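J.: Quick one: structure below, then a few questions.
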Amino acid sequence: MKELDPNKIAVELVKQFAKPIFDGVGKLTKEAHDKLKVTLNTCFSKYVARSYDRYSKTKTLLYRDAPVNIKEFYVRTDLEIGFGQKIKESNFIKELQKNKRLVISGTAGSGKSTFCKSIFLDLIENPMGVFPIFVELRHLNTDSETSLFDFILKSLTDIESTFTKSQLDFSLGLGKVLLIFDGFDELNNELREKYEKEIVNIASKYQNILLLLSSRPDGRFHSWEEFYVYRVLPLDKDKSKALISKLDYDRQVKRKFLDALDKSLYKKHKSFASNPLLLTMMLLTYEQIAEIPNKIHLFYEQAFLTLFNKHDSLKSLYKRKSFSNLPLDDFKNLLSAFSIVSYADRKYYFSESDIKKYLGNAIRVSGVEIDQSNFLNDLLDTVCIMQRDGNGYTFTHRSFQEYFTSIFVVNYSSDNKFKIIDKVAFINDRDDVIPMVFDINQDLLEQEWVIPRMEAMIDELSVVPDTKQGKAKLLSLMYKGLTTHDNEGDFGIAFRLYSREGDHIRFIHILFKIYGEEISHYHKIQRDIDESDEVKEAEKQLIEIILKGDGEKQDFLSLEDPSSIPSEVISLLYTSNCYGHINTSLNYSKEKLSYLREKYTNKKNELSELLFS
């Protein structure tokens with residue numbers, strides 16, 4: 001593939017972008033006009049050149065020794081908006097121009113970040129007068145005092161020190177800018193509300209700019225009135241085959257894998273084969289095992305064993321020498337310790353000092369004595385579970401950090417098992433640590449965490465009386481306030497969470513993740529849907545009150561202090577039955593708790609009888 005010169009392609013983009021700025025600056029002296037022109041041209045041209053070089057190439061599980069151009073291996077996925085409205089990836093930029101504020105929502109490994117990078121590159125390689133600025137939100141976790149605007153400004157002033165805040169404000173105000181905010185789900189929980197407000201405020205202040213944000217699924221996006229939520233669709237069979245075909249891999253293995261993918265593998269393992277990351281891992285493991293495991297944790301285990309034992313995906317029989325020479329069990333124990341100590345601190349990006357700190361902590365926790373630099377070199381170059389990223393380090397994909405954190409949780413013996421599980425469960429409730437723990441050892445998770453968590457929730461919530469005031473209290477225990485979601489002018493009630501970790505509503509969300517169809521089916525058959533005119537009218541009036549706002553906040557009704565809520569609103573909360581889903585989840589938990597207690601009492605008795613009778 002012919003390499004493009006970023007300095008040359010920057011010229012045309014900046015020329016198209018800057019012209020309307022110069023035309024709209026009003027009356028300036030020629031000297032001031034020329035100075036502004038030099039500053040903008042220099043700053044934006046340097047930004048394009050540097051950013052293009054950074055985001056056009058990446059390292060992956062297959063391309064470990066040197067970064068490779070994204071377009072050599074990436075197949076852009078299609079999207080969906082609303083109920084079944086499919087958007088071809090080739091039409092996405094038109095969607096962006098039409099709807100202006102877009103959220104790209106997708107699960108782990110679905111290619112959200114690469115999708116955003118490909119849009120960024122398209123707008124540089126094929127200029128259309130829109131200047132893209134790429135912001136990796138995870139970096140704000142270590143710089144949380146900085147506003148989003150100042151963070152964007154810093155990325156530009158680091159390149160051109162004479163660029164000013166007023167010039168950025170002026171450029172955004174005139175439009176023709178696309179702000180790409182990548183990885184909202186990688187922000188720490190306690191920071192999301194702060195940066196959520198800033199993103200929404202930027203969208204409101206600069207009406208002409210385009211905004212694109214990527215994240216794992218999150219219900220809060222439905223209350224962002226100006227934003228359209230697009231879901232990343234799974235790869236269909238043709239796209240899966242196209243991705244594999246583009247990969248630089250052993251030809252014989254790839255040919256056999258493509259044939260198996262076409263005939264049976266895609267249909268049998270669609271949940272893996274339709275996900276770009278997992279599909280790549282399928283290819284990696286294909287030579288080593290005759291059958292692809294159905295459970296996700298077994299799949300990750302096989303992928304890790306392949307990386308550990310093989311080490312070079314491009315040479316079938318080549319095995320790269322390990323730096324640490326650790327046996328498999330010690331390597332895995334140390335890696336799982338590193339994963340949990342970093343995950344517990346919400347570390348997804350590591351500076352040089354960070355990596356030394358967390359590797360040192362992992363060595364202490366695991367008891368595996370090893371030279372830090374040798375183990376780090378193995379993570380980077382032998383198994384390639386981590387990669388260099390600018391001046392720091394990241395996991396090749398964050399799902400590896402989640403998987404090895406779950407391995408630590410399962411294997412670690414301690415009296416404070418509940419505290420450890422409780423800690424990791426609520427670090428990021430969009431992650432898959434707890435579902436993987438459940439997948440690996442369901443008995444352990446249910447006995448050590450689910451049962452005591454259910455008991456605590458039921459004890460606290462069951463004492464709330466079934467009265468109007470009681471239901472308002474119940475809502476306040478679960479939610480910070482009420483807001484609305486807009487479905488093409490048809491408003492419905494939405495719920496705003498507290499920023500605190502470990503509350504009952506987040507626990508219920510995890511129950512939905514681990515019990516899936518069971519709890520959803522229970523809600524479907526148990527939920528009392530009252531479609532009476534009285535309920536509809538109460539909901540309509542409540543929505544009108546929410547939209548008017550609470551004090552200075554529009555589209556928000558605070559529930560934090562139930563005693564301060566007017567009596568007429570209390571009545572509407574009760575009559576509209578907006579607490580009904582909580583009642584259903586609570587009833588499910590009571591029945592499930594009774595079942596689990598009986599289940600493990602019987603298991604204990606049966607084991608005792610078999611072993612000691």
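Each chain in the structure tokens gets a letter, A, B, ..., in the order shown, and its residues are numbered from 1; ligands are numbered from 1 in order too.
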Within 12 Å of Glu518 in chain A, counting only C-alpha atoms, which residues show up once you throw out same-chain ones fewer than 5 positions away? Write them as a PyMOL selection string, please.
T.: chain A and resi 511-513+523-525+585+588-589+592
J.: Pick out the residues sitting within 10 Å of Lys473 in chain A, and hand them over as an MDAnalysis selection string; count only C-alpha atoms, and ignore anything fewer than 2 positions along from it in its own chain.
T.: chainID A and resid 461 464:465 467:471 475:479 559:563 570
J.: Convert the current residue selection to file output with C-alpha atoms, as a PDB file, in the first residue's frame.
T.:
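Okay, this is what ended up in part-v7.pdb:
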ATOM      1  CA  LEU A 461     -35.597  -1.719  50.297  1.00  0.00           C
ATOM      2  CA  VAL A 464     -40.008   1.098  52.439  1.00  0.00           C
ATOM      3  CA  PRO A 465     -43.805   1.329  52.864  1.00  0.00           C
ATOM      4  CA  THR A 467     -47.436   4.464  50.101  1.00  0.00           C
ATOM      5  CA  LYS A 468     -47.051   7.525  47.922  1.00  0.00           C
ATOM      6  CA  GLN A 469     -44.269   8.867  50.150  1.00  0.00           C
ATOM      7  CA  GLY A 470     -42.746   5.393  50.348  1.00  0.00           C
ATOM      8  CA  LYS A 471     -42.475   5.030  46.582  1.00  0.00           C
ATOM      9  CA  LEU A 475     -37.024   6.078  43.810  1.00  0.00           C
ATOM     10  CA  SER A 476     -34.673   8.395  45.726  1.00  0.00           C
ATOM     11  CA  LEU A 477     -32.693   5.431  47.063  1.00  0.00           C
ATOM     12  CA  MET A 478     -32.094   4.248  43.509  1.00  0.00           C
ATOM     13  CA  TYR A 479     -31.918   7.387  41.383  1.00  0.00           C
ATOM     14  CA  LEU A 559     -35.096  12.941  43.863  1.00  0.00           C
ATOM     15  CA  GLU A 560     -32.222  13.359  46.329  1.00  0.00           C
ATOM     16  CA  ASP A 561     -34.458  14.815  49.058  1.00  0.00           C
ATOM     17  CA  PRO A 562     -37.948  13.248  48.899  1.00  0.00           C
ATOM     18  CA  SER A 563     -39.201  15.506  51.700  1.00  0.00           C
ATOM     19  CA  ILE A 570     -45.367  12.789  44.811  1.00  0.00           C
TER      20      ILE A 570
END
J.: Excluding range 422-434 of chain A and residues on its chain fewer than 4 positions from it, collect all residues at most 6 Å away from it, counting only C-alpha atoms, and give them as a VMD selection string.
T.: chain A and resid 402 406 418 501 to 502
J.: Please, could you write that set of residues out with N, CA and C atoms as a PDB file, in the first residue's frame?
T.:
ATOM      1  N   GLU A 402      -9.669  -6.990  31.596  1.00  0.00           N
ATOM      2  CA  GLU A 402     -10.872  -7.485  32.264  1.00  0.00           C
ATOM      3  C   GLU A 402     -10.803  -8.997  32.474  1.00  0.00           C
ATOM      4  N   SER A 406     -10.628 -11.007  36.108  1.00  0.00           N
ATOM      5  CA  SER A 406     -11.589 -12.037  36.517  1.00  0.00           C
ATOM      6  C   SER A 406     -10.874 -13.316  36.951  1.00  0.00           C
ATOM      7  N   PHE A 418     -15.570 -11.080  49.386  1.00  0.00           N
ATOM      8  CA  PHE A 418     -16.714 -10.222  49.056  1.00  0.00           C
ATOM      9  C   PHE A 418     -16.237  -8.813  48.713  1.00  0.00           C
ATOM     10  N   GLU A 501     -20.496   4.628  43.671  1.00  0.00           N
ATOM     11  CA  GLU A 501     -20.302   3.240  43.256  1.00  0.00           C
ATOM     12  C   GLU A 501     -21.089   2.297  44.164  1.00  0.00           C
ATOM     13  N   GLY A 502     -21.421   1.143  43.607  1.00  0.00           N
ATOM     14  CA  GLY A 502     -21.944   0.063  44.434  1.00  0.00           C
ATOM     15  C   GLY A 502     -23.357   0.228  44.922  1.00  0.00           C
TER      16      GLY A 502
END
J.: Extract the full set of alpha helix (DSSP H) residues from range 101-245 of chain A according to DSSP on the backbone, and format it as number ranges by chain.
T.: A: 112-125, 148-157, 165-174, 189-205, 237-245
J.: Under the rule that only C-alpha atoms are counted, which of A:Lys100, A:Arg216, A:Arg192, A:Lys254 is the nearest residue to Arg231 in chain A?
T.: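 Among the listed residues, A:Arg216 lies closest to Arg231 in chain A.
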J.: What lies within 9 Å of Lys590 in chain A using only C-alpha atoms, ignoring chain neighbours under 4 positions off, as number ranges by chain?
T.: A: 454-455, 458, 585-586, 594-595
J.: Let's have the selection written as a PDB file, in the first residue's frame, with N, CA and C atoms.
T.:
ATOM      1  N   MET A 454     -27.709  -9.483  47.523  1.00  0.00           N
ATOM      2  CA  MET A 454     -29.173  -9.527  47.473  1.00  0.00           C
ATOM      3  C   MET A 454     -29.770  -9.335  48.856  1.00  0.00           C
ATOM      4  N   GLU A 455     -29.190  -9.973  49.839  1.00  0.00           N
ATOM      5  CA  GLU A 455     -29.693  -9.859  51.220  1.00  0.00           C
ATOM      6  C   GLU A 455     -29.658  -8.412  51.688  1.00  0.00           C
ATOM      7  N   ILE A 458     -32.344  -6.315  49.716  1.00  0.00           N
ATOM      8  CA  ILE A 458     -33.709  -6.632  50.135  1.00  0.00           C
ATOM      9  C   ILE A 458     -33.990  -6.093  51.527  1.00  0.00           C
ATOM     10  N   SER A 585     -37.795  -5.889  39.879  1.00  0.00           N
ATOM     11  CA  SER A 585     -36.427  -6.362  40.150  1.00  0.00           C
ATOM     12  C   SER A 585     -36.287  -6.827  41.592  1.00  0.00           C
ATOM     13  N   LEU A 586     -36.954  -6.132  42.504  1.00  0.00           N
ATOM     14  CA  LEU A 586     -36.899  -6.521  43.916  1.00  0.00           C
ATOM     15  C   LEU A 586     -37.603  -7.859  44.136  1.00  0.00           C
ATOM     16  N   SER A 594     -34.133 -16.916  47.519  1.00  0.00           N
ATOM     17  CA  SER A 594     -34.692 -18.127  48.113  1.00  0.00           C
ATOM     18  C   SER A 594     -34.203 -19.366  47.363  1.00  0.00           C
ATOM     19  N   TYR A 595     -34.194 -19.276  46.029  1.00  0.00           N
ATOM     20  CA  TYR A 595     -33.732 -20.400  45.213  1.00  0.00           C
ATOM     21  C   TYR A 595     -32.249 -20.687  45.460  1.00  0.00           C
TER      22      TYR A 595
END
J.: Between CA of Leu235 in chain A and CA of Leu277 in chain A, what distance in Å does the model show, to one decimal?
T.: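 CA of Leu277 in chain A lies at a distance of 11.0 Å from CA of Leu235 in chain A.
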J.: At what distance in Å, to one decimal, does CA of Leu191 in chain A lie from CA of Val48 in chain A?
T.: 28.7 Å
J.: Taking the DSSP assignment computed from this structure's backbone, write out as a PDB file with C-alpha atoms, in the first residue's frame all residues of range 67-248 of chain A that belong to strand (DSSP E or B).
T.:
ATOM      1  CA  VAL A  68       0.763  -1.179  10.351  1.00  0.00           C
ATOM      2  CA  ASN A  69      -1.553   1.099   8.400  1.00  0.00           C
ATOM      3  CA  LEU A  79     -24.359   0.700  11.869  1.00  0.00           C
ATOM      4  CA  GLU A  80     -27.946   0.752  13.044  1.00  0.00           C
ATOM      5  CA  ILE A  81     -30.093   3.586  14.348  1.00  0.00           C
ATOM      6  CA  GLN A  85     -32.597   1.186  10.256  1.00  0.00           C
ATOM      7  CA  LYS A  86     -29.273  -0.003   8.823  1.00  0.00           C
ATOM      8  CA  ILE A  87     -26.641   2.527   7.784  1.00  0.00           C
ATOM      9  CA  ARG A 101     -24.098  15.003  16.825  1.00  0.00           C
ATOM     10  CA  LEU A 102     -23.539  11.226  16.824  1.00  0.00           C
ATOM     11  CA  VAL A 103     -22.741   8.545  19.379  1.00  0.00           C
ATOM     12  CA  ILE A 104     -21.135   5.291  18.186  1.00  0.00           C
ATOM     13  CA  SER A 105     -22.163   2.591  20.670  1.00  0.00           C
ATOM     14  CA  PHE A 131     -11.286  19.738  10.124  1.00  0.00           C
ATOM     15  CA  PRO A 132     -11.195  16.681  12.459  1.00  0.00           C
ATOM     16  CA  ILE A 133      -9.796  16.843  16.001  1.00  0.00           C
ATOM     17  CA  PHE A 134      -9.320  13.478  17.766  1.00  0.00           C
ATOM     18  CA  VAL A 135      -9.600  13.380  21.578  1.00  0.00           C
ATOM     19  CA  GLU A 136      -8.808  10.217  23.568  1.00  0.00           C
ATOM     20  CA  VAL A 177     -14.810  21.239  12.743  1.00  0.00           C
ATOM     21  CA  LEU A 178     -15.429  17.614  13.740  1.00  0.00           C
ATOM     22  CA  LEU A 179     -14.641  16.833  17.386  1.00  0.00           C
ATOM     23  CA  ILE A 180     -14.120  13.087  17.844  1.00  0.00           C
ATOM     24  CA  PHE A 181     -14.368  12.042  21.502  1.00  0.00           C
ATOM     25  CA  ASP A 182     -13.131   8.461  21.684  1.00  0.00           C
ATOM     26  CA  LEU A 210     -19.879  18.177  14.170  1.00  0.00           C
ATOM     27  CA  LEU A 211     -19.491  15.845  17.168  1.00  0.00           C
ATOM     28  CA  LEU A 212     -18.723  12.117  17.165  1.00  0.00           C
ATOM     29  CA  LEU A 213     -18.403  10.134  20.409  1.00  0.00           C
ATOM     30  CA  SER A 214     -17.626   6.424  20.888  1.00  0.00           C
ATOM     31  CA  SER A 215     -18.526   4.328  23.924  1.00  0.00           C
ATOM     32  CA  TYR A 228     -28.264  10.402  17.567  1.00  0.00           C
ATOM     33  CA  VAL A 229     -27.176   6.994  18.899  1.00  0.00           C
ATOM     34  CA  TYR A 230     -25.803   4.618  16.265  1.00  0.00           C
ATOM     35  CA  ARG A 231     -25.094   1.012  17.245  1.00  0.00           C
ATOM     36  CA  VAL A 232     -22.163  -0.875  15.724  1.00  0.00           C
TER      37      VAL A 232
END
J.: Select, from A:Ala108, A:Leu573, A:Ala344, A:Leu283, the residue with the minimum atom-to-atom distance to Arg398 in chain A, counting only C-alpha atoms.
T.: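 Smallest separation from Arg398 in chain A among the options: A:Ala108.
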J.: Identify which of the residues A:Ile355, A:Asp329, A:Ile199, A:Phe73 lies closest to Lys246 in chain A, counting only C-alpha atoms when measuring atom-to-atom distances.
T.: A:Phe73
J.: Which one of A:Lys604, A:Lys599, A:Arg251, A:Arg346 sits closest to Glu446 in chain A if you count only C-alpha atoms?
T.: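 That would be A:Lys599, the residue with the smallest distance to Glu446 in chain A.
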J.: Determine, counting only C-alpha atoms, which protein, DNA and RNA residues have an atom within 9 Å of an atom of Ile385 in chain A; residues of the same chain fewer than 3 positions away are not included. Present the result as a PyMOL selection string.
T.: chain A and resi 61+304+307+378-382+394-397+400-401
J.: Between CA of Lys205 in chain A and CA of Leu140 in chain A, what is the distance in Å, rounded to a tenth?
T.: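 Rounded to one decimal, the two atoms are 21.5 Å apart.
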J.: Please identify all polymer residues within 12 Å of Ser147 in chain A, counting only C-alpha atoms, omitting same-chain residues fewer than 5 positions from it, and present them as a ChimeraX atom specification.
T.: /A:137,140-141,152-154,191,194-199,201-202
J.: Dump all heavy atoms for the selected residues as a tab-separated table (two decimals), in the first residue's frame?
T.:
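Everything below was put into again29.tsv:
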chain	number	residue	atom	x	y	z
A	137	LEU	N	-10.43	10.28	25.37
A	137	LEU	CA	-10.97	10.73	26.66
A	137	LEU	C	-10.29	10.07	27.85
A	137	LEU	O	-10.29	10.64	28.95
A	137	LEU	CB	-12.47	10.47	26.71
A	137	LEU	CG	-13.32	11.32	25.74
A	137	LEU	CD1	-14.78	10.88	25.79
A	137	LEU	CD2	-13.22	12.80	26.06
A	140	LEU	N	-8.03	11.98	30.25
A	140	LEU	CA	-8.58	12.91	31.24
A	140	LEU	C	-8.65	12.30	32.63
A	140	LEU	O	-8.83	13.02	33.61
A	140	LEU	CB	-9.97	13.37	30.79
A	140	LEU	CG	-9.99	14.31	29.58
A	140	LEU	CD1	-11.39	14.38	28.98
A	140	LEU	CD2	-9.51	15.71	29.96
A	141	ASN	N	-8.52	10.97	32.75
A	141	ASN	CA	-8.54	10.33	34.06
A	141	ASN	C	-7.38	10.79	34.93
A	141	ASN	O	-7.48	10.83	36.15
A	141	ASN	CB	-8.50	8.80	33.92
A	141	ASN	CG	-9.81	8.24	33.39
A	141	ASN	OD1	-10.87	8.79	33.63
A	141	ASN	ND2	-9.73	7.15	32.65
A	152	ILE	N	-8.49	20.18	24.68
A	152	ILE	CA	-8.38	20.31	23.22
A	152	ILE	C	-7.37	21.41	22.87
A	152	ILE	O	-6.52	21.25	21.99
A	152	ILE	CB	-9.75	20.62	22.60
A	152	ILE	CG1	-10.73	19.47	22.83
A	152	ILE	CG2	-9.62	20.92	21.11
A	152	ILE	CD1	-12.17	19.80	22.51
A	153	LEU	N	-7.48	22.53	23.59
A	153	LEU	CA	-6.56	23.65	23.36
A	153	LEU	C	-5.11	23.24	23.59
A	153	LEU	O	-4.23	23.57	22.79
A	153	LEU	CB	-6.93	24.82	24.28
A	153	LEU	CG	-6.03	26.06	24.19
A	153	LEU	CD1	-6.14	26.69	22.81
A	153	LEU	CD2	-6.41	27.07	25.27
A	154	LYS	N	-4.89	22.47	24.65
A	154	LYS	CA	-3.52	22.04	24.96
A	154	LYS	C	-2.94	21.17	23.85
A	154	LYS	O	-1.75	21.26	23.53
A	154	LYS	CB	-3.49	21.29	26.30
A	154	LYS	CG	-2.09	20.92	26.78
A	154	LYS	CD	-2.14	20.25	28.14
A	154	LYS	CE	-0.73	19.98	28.67
A	154	LYS	NZ	0.03	19.06	27.79
A	191	LEU	N	-16.09	10.79	36.91
A	191	LEU	CA	-15.80	11.90	36.00
A	191	LEU	C	-16.81	12.01	34.87
A	191	LEU	O	-16.87	13.01	34.17
A	191	LEU	CB	-14.40	11.73	35.39
A	191	LEU	CG	-13.21	11.76	36.35
A	191	LEU	CD1	-11.92	11.54	35.59
A	191	LEU	CD2	-13.16	13.07	37.12
A	194	LYS	N	-19.31	14.97	34.88
A	194	LYS	CA	-18.66	16.25	34.61
A	194	LYS	C	-18.42	16.44	33.11
A	194	LYS	O	-18.79	17.47	32.53
A	194	LYS	CB	-17.31	16.30	35.35
A	194	LYS	CG	-16.46	17.51	34.94
A	194	LYS	CD	-15.05	17.44	35.51
A	194	LYS	CE	-14.20	18.57	34.98
A	194	LYS	NZ	-12.80	18.52	35.47
A	195	TYR	N	-17.82	15.43	32.47
A	195	TYR	CA	-17.49	15.57	31.05
A	195	TYR	C	-18.72	15.39	30.16
A	195	TYR	O	-18.75	15.90	29.04
A	195	TYR	CB	-16.36	14.62	30.68
A	195	TYR	CG	-15.03	15.07	31.27
A	195	TYR	CD1	-14.37	14.32	32.24
A	195	TYR	CD2	-14.48	16.29	30.89
A	195	TYR	CE1	-13.18	14.75	32.80
A	195	TYR	CE2	-13.29	16.74	31.45
A	195	TYR	CZ	-12.64	15.97	32.40
A	195	TYR	OH	-11.47	16.41	32.96
A	196	GLU	N	-19.72	14.67	30.66
A	196	GLU	CA	-20.99	14.61	29.95
A	196	GLU	C	-21.57	16.01	29.79
A	196	GLU	O	-22.00	16.41	28.70
A	196	GLU	CB	-21.97	13.72	30.71
A	196	GLU	CG	-23.39	13.72	30.14
A	196	GLU	CD	-24.37	12.94	31.01
A	196	GLU	OE1	-23.98	12.48	32.10
A	196	GLU	OE2	-25.52	12.80	30.58
A	197	LYS	N	-21.58	16.79	30.88
A	197	LYS	CA	-22.10	18.16	30.83
A	197	LYS	C	-21.30	19.02	29.86
A	197	LYS	O	-21.86	19.81	29.10
A	197	LYS	CB	-22.06	18.78	32.23
A	197	LYS	CG	-23.06	18.19	33.21
A	197	LYS	CD	-22.91	18.83	34.58
A	197	LYS	CE	-23.90	18.24	35.58
A	197	LYS	NZ	-23.71	18.77	36.94
A	198	GLU	N	-19.96	18.84	29.88
A	198	GLU	CA	-19.13	19.65	28.99
A	198	GLU	C	-19.38	19.32	27.52
A	198	GLU	O	-19.44	20.20	26.66
A	198	GLU	CB	-17.65	19.43	29.33
A	198	GLU	CG	-17.23	20.11	30.62
A	198	GLU	CD	-15.72	20.29	30.69
A	198	GLU	OE1	-15.14	20.73	29.68
A	198	GLU	OE2	-15.15	19.99	31.75
A	199	ILE	N	-19.53	18.03	27.22
A	199	ILE	CA	-19.79	17.62	25.84
A	199	ILE	C	-21.12	18.19	25.36
A	199	ILE	O	-21.23	18.74	24.26
A	199	ILE	CB	-19.78	16.08	25.72
A	199	ILE	CG1	-18.36	15.55	25.94
A	199	ILE	CG2	-20.31	15.64	24.35
A	199	ILE	CD1	-18.29	14.05	26.14
A	201	ASN	N	-22.65	20.78	26.59
A	201	ASN	CA	-22.52	22.24	26.52
A	201	ASN	C	-21.79	22.68	25.25
A	201	ASN	O	-22.15	23.69	24.63
A	201	ASN	CB	-21.80	22.77	27.76
A	201	ASN	CG	-22.68	22.74	28.99
A	201	ASN	OD1	-23.90	22.69	28.89
A	201	ASN	ND2	-22.06	22.75	30.16
A	202	ILE	N	-20.74	21.95	24.88
A	202	ILE	CA	-20.01	22.28	23.64
A	202	ILE	C	-20.94	22.15	22.45
A	202	ILE	O	-20.96	22.99	21.54
A	202	ILE	CB	-18.77	21.37	23.49
A	202	ILE	CG1	-17.68	21.78	24.50
A	202	ILE	CG2	-18.22	21.43	22.07
A	202	ILE	CD1	-16.48	20.85	24.54
J.: Find, counting only C-alpha atoms, the residue in A:Ser608, A:Gln387, A:Asn309, A:Ser264 that gets nearest to Ile292 in chain A.
T.: A:Ser264
J.: Select, from A:Val535, A:Cys578, A:Ile546, A:Gln447, the residue with the minimum atom-to-atom distance to Lys603 in chain A, counting only C-alpha atoms.
T.: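 Selected residue with least distance to Lys603 in chain A: A:Gln447.
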